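Inspection log for the structure reproduced underneath, given as structure tokens.
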Amino acid sequence: MDLTLDHKALEGAHETRRYFNKFERIIGHLNKVAEMTAADGLVLPEEVPILHAYLNALANTFTALSYKYLMAGRVSSQLPSLLSIDQQDSGFPVYQELLQMANDAMQADKHLKSRPTLDTLKKDMIRHILNEHSTPVRLQFAASQGLYYQHLSNKALFWAQNDPQAIWQGNVTRDRRRYLLHWASYDSQQNIPTIYLMDLEDTGKTALPRDESRWPRAQSHLMAQAVNSLKMLTIATGFDRDFDDLHPKRLRRFHIGPMYSHTFTEQTGPLRDVLAEASSSTPGTDWALAWTMETLVSERVETERSGFFGSVEREIYQLDPFLSADQDGNGLTEQHRSLILPQKPFQVLEELDPPGFSKVRKYVVGPSGKIISYR
């Protein structure tokens, strides 16, 4: 299947700036939403700083891309490509944009050393305007690319793959250590940022982050399984069986998106009418962002034989019995679906009351920026 059929290139600087301005406002609300999920008991307090770090990195990634495409359409010979977004399934930039950004980051320092400083470019712009009486387009482009490479060099960014990190949570017993693992990915098919958290018990001889044999293999395994199409049960049981002395007790996955916009995406179903009406009555409020949290929890441990005399622990996970085998939620203990949206589309959504939205938590952004949670 050709996934590029859902891709859309944003035409010119004006449309690109509108897109990034909209996303800047949306992402600016996510840290508060993460805190509210903790207040609602859906996220543990120690998980909030981790979510903040990934969300801030995502914001930095969007800022970097906004600098890269600041002059899109005005310097075609120097910036031949336009920003491509997934207008059907995510509303986010396509996966290839992040791959190219990672390649650019590897050469950022080289570019910065060979370019004039921003102060020098500003002086040259003023000189050009006074002498030539025209817009210094090429100098503006040079400045935007300098800001892009500075961001790649100096900021923590959300990459296509963000490798697992381990945080020690104390010892259960002398020979059993607890860790909170976290990692993230930008799904290559759905073009959606995804964050993973795993509560893990380690019974190995060497602490996991110091184990030169197990830790690189565990990191590689988890990143290879960081695919949105894989069920949580598949990820957890596969890890549990591949590492006899690592015991995943709980796995969480946060899907940040899709982003729906009447201006930039082609949504179907009730949201299409909701955002169209909101856009016609209150410009700038034609958006909604999905925030989905999936959880898989170990219910008990069973012991099975390993070799002639040994035995290993295997996790048995608690599954929601009300989710049928053909539903997306199968393989989960629970799922919490949320929608972040401005006040106007929320009012339209409440008036239309379409089926399927009654169990979705709504985080409503008021005109002042205050967010209120509704069930």
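Naming works like this for the structure tokens: A, B, ... for the chains as they're shown, residue 1 at the start of each chain, ligands 1 onward in shown order.
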Open item on the list: At a cut-off of 10 Å, using only C-alpha atoms, what residues contact Leu233 of chain A? Leave out same-chain residues fewer than 5 positions from it and give the result as a list in words.
Closed with: Gly238, Phe239, Leu251, Thr295, Leu296, Val297, Ile316, Tyr317, Gln318, Leu319, Asn330, Gly331, Leu332 and Thr333 of chain A
- [ ] Assign secondary structure with DSSP using the backbone only, and return the residues of segment 234-337 of chain A in strand (DSSP E) as number ranges by chain.
- [x] A: 246-261, 287-306, 310-318, 334-337
Open item on the list: Can you pull out every residue from segment 53-283 of chain A that DSSP, working from the backbone, puts in helix (DSSP H, G or I), and format the result as number ranges by chain?
Closed with: A: 53-68, 95-106, 108-114, 118-132, 137-154, 208-210, 214-224, 232-242, 270-281
Spatial neighbours of Ile26 of chain A, 12 Å, only C-alpha atoms, chain gap at least 3 places, as a short mmCIF file (atom, residue, chain, number, x, y, z; two decimals) with C-alpha atoms, in the first residue's frame:
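Written output follows (around01.cif):
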data_model
loop_
_atom_site.label_atom_id
_atom_site.label_comp_id
_atom_site.auth_asym_id
_atom_site.auth_seq_id
_atom_site.Cartn_x
_atom_site.Cartn_y
_atom_site.Cartn_z
CA TYR A 19 0.39 25.08 10.30
CA PHE A 20 3.26 25.53 12.75
CA ASN A 21 1.47 28.32 14.63
CA LYS A 22 -1.51 26.01 15.12
CA PHE A 23 0.68 23.14 16.33
CA HIS A 29 -1.36 22.60 26.19
CA LEU A 30 0.01 19.05 26.44
CA ASN A 31 2.13 19.48 29.58
CA LYS A 32 -0.94 20.71 31.46
CA VAL A 33 -2.97 17.76 30.15
CA LEU A 55 6.45 16.60 25.07
CA LEU A 58 8.33 17.22 20.56
CA ALA A 59 7.77 20.98 20.82
CA PHE A 62 8.31 21.35 15.65
CA PHE A 92 1.62 15.43 11.86
CA ILE A 256 -0.06 11.72 20.94
CA GLY A 257 -2.46 12.22 18.04
CA PRO A 258 -4.00 12.23 15.53
CA MET A 259 -4.40 15.98 15.16
CA TYR A 260 -7.61 16.92 13.39
CA SER A 261 -7.99 20.29 11.66
CA GLY A 284 -8.58 29.40 14.72
CA THR A 285 -10.57 26.88 16.77
CA ASP A 286 -10.93 24.23 14.06
CA TRP A 287 -8.75 21.60 15.75
CA ALA A 288 -8.80 18.63 18.10
CA LEU A 289 -5.98 16.37 19.28
CA ALA A 290 -6.48 12.77 20.36
CA TRP A 291 -4.59 11.55 23.44
CA LEU A 339 -9.68 14.54 23.14
CA ILE A 340 -8.06 17.96 23.58
CA LEU A 341 -10.03 20.70 21.84
CA PRO A 342 -11.01 24.37 22.12
CA TYR A 363 -9.85 18.44 27.88
CA VAL A 364 -11.38 21.75 26.85
CA VAL A 365 -9.14 24.77 26.25
CA GLY A 369 -5.87 29.05 27.89
CA ILE A 371 -8.09 23.74 30.55
#
TODO: Write out as a ChimeraX atom specification the residues lying within 9 Å of Met223 of chain A, counting only C-alpha atoms and excluding same-chain residues fewer than 4 positions away.
DONE: /A:161-164,183-185,218-219,227
TODO: State, in Å with one decimal place, the distance from atom CA of Thr265 of chain A to atom CA of His7 of chain A.
DONE: 10.0 Å
Open item on the list: Rounded to one decimal, what separation in Å do you get between atom CA of His255 of chain A and atom CA of Ala156 of chain A?
Closed with: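 A separation of 19.9 Å between them.
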